[in-house]
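K.L.:
Encoded as structure tokens, here's the structure I'll be asking about.
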Amino acid sequence: MSKHPPNDASGSWRHTIPSPSFPAAPNRYHLYVGLFCPFAHRVIITRQIKGLQEFLPMSIVKPYPKDNGGWRFPVDDEKYPGSTIDHLLHSEFLSEVYFRSDTDYKGKYSVPVLWDKETQQIVNNESEDIMRMLNHAFDDFLPKDSPRRGIDFYPENMRDKINEVNSWMMPNLNSGVYKAGFADNQEDYEKNCRVVFQTLDRLESMLADDRSLFLLGTPQRTEADIKLYTTLVRFDTIYQQHFKLMTRSVRHGYPRLNRWLKNFYWNVPGVKETTNFEQIKDNYSKSHGLINPRGITPLGPEPAVEPWTDHDELWKQRVLEKS
């Protein structure tokens, strides 16, 4: 089978599993991720909660340095805790994975990447696409009695609502923190900073009625929860000081979002295990020379996520009784 080039000029591969070119199969595919990246983190959480680790292996780049070859792999699995060698292709740089798929590639060397071992090419490098593939593409390979088969992050009856929330949360918060942090002038910074906090205000109001543990009022988490989590868990930890988002912290300025974050971190199996604060903080503080030229990683906040308390548990039980 011939190799497919990127689907667009930005360097995105947007192929799908299952499809005639890329059928669903255990151990045929390999994930490349970075624990620091909120977009790769979405995919890692989806893989973890769906229980796909056994037949969808994963290699993890280091959080820094990032140079002309893009993200690096450590020389062995012990050199940077949490990162791994390229277990599949034995690459030194993530860029080598991209060039194996397309020798003329000229885009960014981003994570996540979903790689096909059989045809030796990238299937997809868009986090939302990969999340939705992992949602059900590999269900047939889970044990027949596994409750993970029934986990659906993108249920058909909620897709319009999920898409509507995505339409403003992605540009205004998930990407909005970067628009503020990398602004070239005061005017752009202030404009984008305000948009970030307006979006947090909007999300806070969505949780006001306490009808569910999850963002959209659903009995189980959806992809909207995962997308919110991977930004929110980085907010107080690094975004607030690094990207100058100082108006309010989540823990002191947004009580409902903070409780939602605590519940997702402490009580959803597979989430805490995928969250590596050392890699998150090292990446931002040591990879953005214009923002932090000395590469000093800040201490705090302590704790990174506030503990789940008895009071929180009482609230959770009341919500569950009503739902």
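Convention: chains lettered A, B, ... in structure tokens order; per-chain residue numbering from 1; ligands numbered from 1 as shown.
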Just want the 8 Å neighbourhood of Trp266 in chain A, counted on only C-alpha atoms, with same-chain residues fewer than 5 positions away dropped. Output as a PyMOL selection string.

P.N.:
chain A and resi 271-272+307-308

K.L.:
Do a neighbour search on Asp139 in chain A at 10 Å with only C-alpha atoms, toss out local chain neighbours closer than 5 positions, and write the hits as JSON, numbers by chain.

P.N.:
{"A": [24, 50, 51, 52, 134, 144, 146, 148, 149, 150, 151]}

K.L.:
Could you save the residues just selected, with N, CA and C atoms, as a short mmCIF file (atom, residue, chain, number, x, y, z; two decimals), in the first residue's frame?

P.N.:
```cif
data_model
loop_
_atom_site.label_atom_id
_atom_site.label_comp_id
_atom_site.auth_asym_id
_atom_site.auth_seq_id
_atom_site.Cartn_x
_atom_site.Cartn_y
_atom_site.Cartn_z
N ALA A 24 -9.22 -1.79 12.13
CA ALA A 24 -8.96 -1.96 13.56
C ALA A 24 -8.31 -3.32 13.79
N LYS A 50 -10.44 3.71 28.55
CA LYS A 50 -10.99 2.63 27.72
C LYS A 50 -10.25 1.31 27.91
N GLY A 51 -9.08 1.34 28.56
CA GLY A 51 -8.35 0.10 28.82
C GLY A 51 -7.67 -0.48 27.60
N LEU A 52 -7.07 0.38 26.77
CA LEU A 52 -6.48 -0.06 25.51
C LEU A 52 -4.96 -0.24 25.58
N LEU A 134 -10.43 6.07 19.34
CA LEU A 134 -10.23 5.20 20.50
C LEU A 134 -11.52 4.97 21.27
N LYS A 144 -15.38 -9.54 26.43
CA LYS A 144 -16.80 -9.38 26.11
C LYS A 144 -17.61 -8.85 27.29
N SER A 146 -16.42 -6.76 29.56
CA SER A 146 -15.77 -5.57 30.09
C SER A 146 -16.72 -4.37 30.07
N ARG A 148 -15.84 -1.46 30.01
CA ARG A 148 -15.19 -0.42 29.21
C ARG A 148 -15.78 -0.36 27.80
N ARG A 149 -16.37 -1.46 27.34
CA ARG A 149 -17.04 -1.43 26.03
C ARG A 149 -18.16 -0.40 26.00
N GLY A 150 -18.81 -0.22 27.14
CA GLY A 150 -19.94 0.69 27.20
C GLY A 150 -19.57 2.14 27.43
N ILE A 151 -18.28 2.41 27.67
CA ILE A 151 -17.86 3.80 27.87
C ILE A 151 -17.90 4.52 26.53
#
```

K.L.:
So how far away is CA of Gly107 in chain A from CA of Pro65 in chain A, in Å?

P.N.:
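Value for the CA of Pro65 in chain A-CA of Gly107 in chain A distance: 18.7 Å.
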
K.L.:
Which residues of range 10-105 of chain A sit at most 7 Å from range 228-241 of chain A, using only C-alpha atoms? Give each one's shortest atom pair and distance in Å (one decimal place), in chain and ascending residue order, as a tab-separated table.

P.N.:
```
residue	atom	partner	partner_atom	distance
A:Pro38	CA	A:Thr230	CA	5.0
A:His41	CA	A:Thr230	CA	6.4
A:Arg42	CA	A:Thr230	CA	6.6
```

K.L.:
I need the residues of range 184-292 of chain A that end up classed as alpha helix (DSSP H) by DSSP on the backbone, written out as a PyMOL selection string.

P.N.:
chain A and resi 186-206+223-234+240-242+250-253+255-267+277-287

K.L.:
Would you list the contacts of Ser127 in chain A as a list in words, taking every protein, DNA or RNA residue within 8 Å and counting only C-alpha atoms, but skipping same-chain residues closer than 2 positions in sequence?

P.N.:
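My reading of the contact set: Phe39, Ala40, Arg42, Val43, Pro112, Asn125, Asp129, Ile130 and Met131 of chain A.
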
K.L.:
I'd like the neighbourhood of Leu257 in chain A as a list of chain:residue names, where a residue qualifies if any of its atoms comes within 10 Å (using only C-alpha atoms), though same-chain residues fewer than 3 positions away should be ignored.

P.N.:
A:Leu200, A:Asp201, A:Leu203, A:Glu204, A:Ser205, A:Met206, A:Leu207, A:Ala208, A:Leu215, A:Leu228, A:Tyr229, A:Leu232, A:Val250, A:Arg251, A:Gly253, A:Tyr254, A:Trp260, A:Leu261, A:Lys262, A:Asn263

K.L.:
Rounded to one decimal, what separation in Å do you get between CA of Asn276 in chain A and CA of Lys62 in chain A?

P.N.:
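CA of Lys62 in chain A lies 11.9 Å from CA of Asn276 in chain A.
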
K.L.:
One decimal, in Å: what's the spacing between CA of Arg72 in chain A and CA of Ile280 in chain A?

P.N.:
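A separation of 15.4 Å between them.
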
K.L.:
Determine which residues of range 20-196 of chain A receive a DSSP assignment of strand (DSSP E), computed from the backbone, and state them as a VMD selection string.

P.N.:
chain A and resid 29 to 33 58 to 60 66 to 67 70 to 71 113 to 116 121 to 124

K.L.:
List the neighbours of Val196 in chain A out to 12 Å using only C-alpha atoms; skip same-chain residues closer than 6 positions along the sequence, and give me the result as a PyMOL selection string.

P.N.:
chain A and resi 168-181+189-190+202-203+231-232+235+239-240+243-250

K.L.:
For Tyr29 in chain A, work out the shell of residues within 9 Å, counting only C-alpha atoms and skipping chain neighbours fewer than 6 positions away, then give it as a tab-separated table (two decimals) with C-alpha atoms, in the first residue's frame.

P.N.:
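After the write, result-v2.tsv holds the following:
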```tsv
chain	number	residue	atom	x	y	z
A	55	PHE	CA	-2.90	-3.60	22.39
A	56	LEU	CA	-2.11	0.07	21.72
A	57	PRO	CA	1.46	0.65	22.96
A	114	LEU	CA	-1.02	7.54	15.68
A	115	TRP	CA	1.31	5.30	13.64
A	116	ASP	CA	0.47	2.22	11.55
A	117	LYS	CA	3.16	-0.46	11.97
A	118	GLU	CA	1.99	-2.46	8.96
A	123	VAL	CA	-2.59	7.56	10.37
```

K.L.:
Find, counting only C-alpha atoms, the residue in A:Arg100, A:Leu216, A:Val305, A:Lys108 that gets nearest to Met158 in chain A.

P.N.:
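With only C-alpha atoms as the atom set, the closest residue is A:Leu216.
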
K.L.:
May I ask which of the residues A:Asn157, A:Pro6, A:Thr16, A:Gly82 is the closest one to Thr274 in chain A, counting only C-alpha atoms?

P.N.:
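Among the listed residues, the smallest separation from Thr274 in chain A belongs to A:Gly82.
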
K.L.:
Identify which of the residues A:Phe99, A:Leu299, A:Asp86, A:Arg221 lies closest to Pro269 in chain A, counting only C-alpha atoms when measuring atom-to-atom distances.

P.N.:
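Of A:Phe99, A:Leu299, A:Asp86, A:Arg221, the one nearest Pro269 in chain A is A:Arg221, counting only C-alpha atoms.
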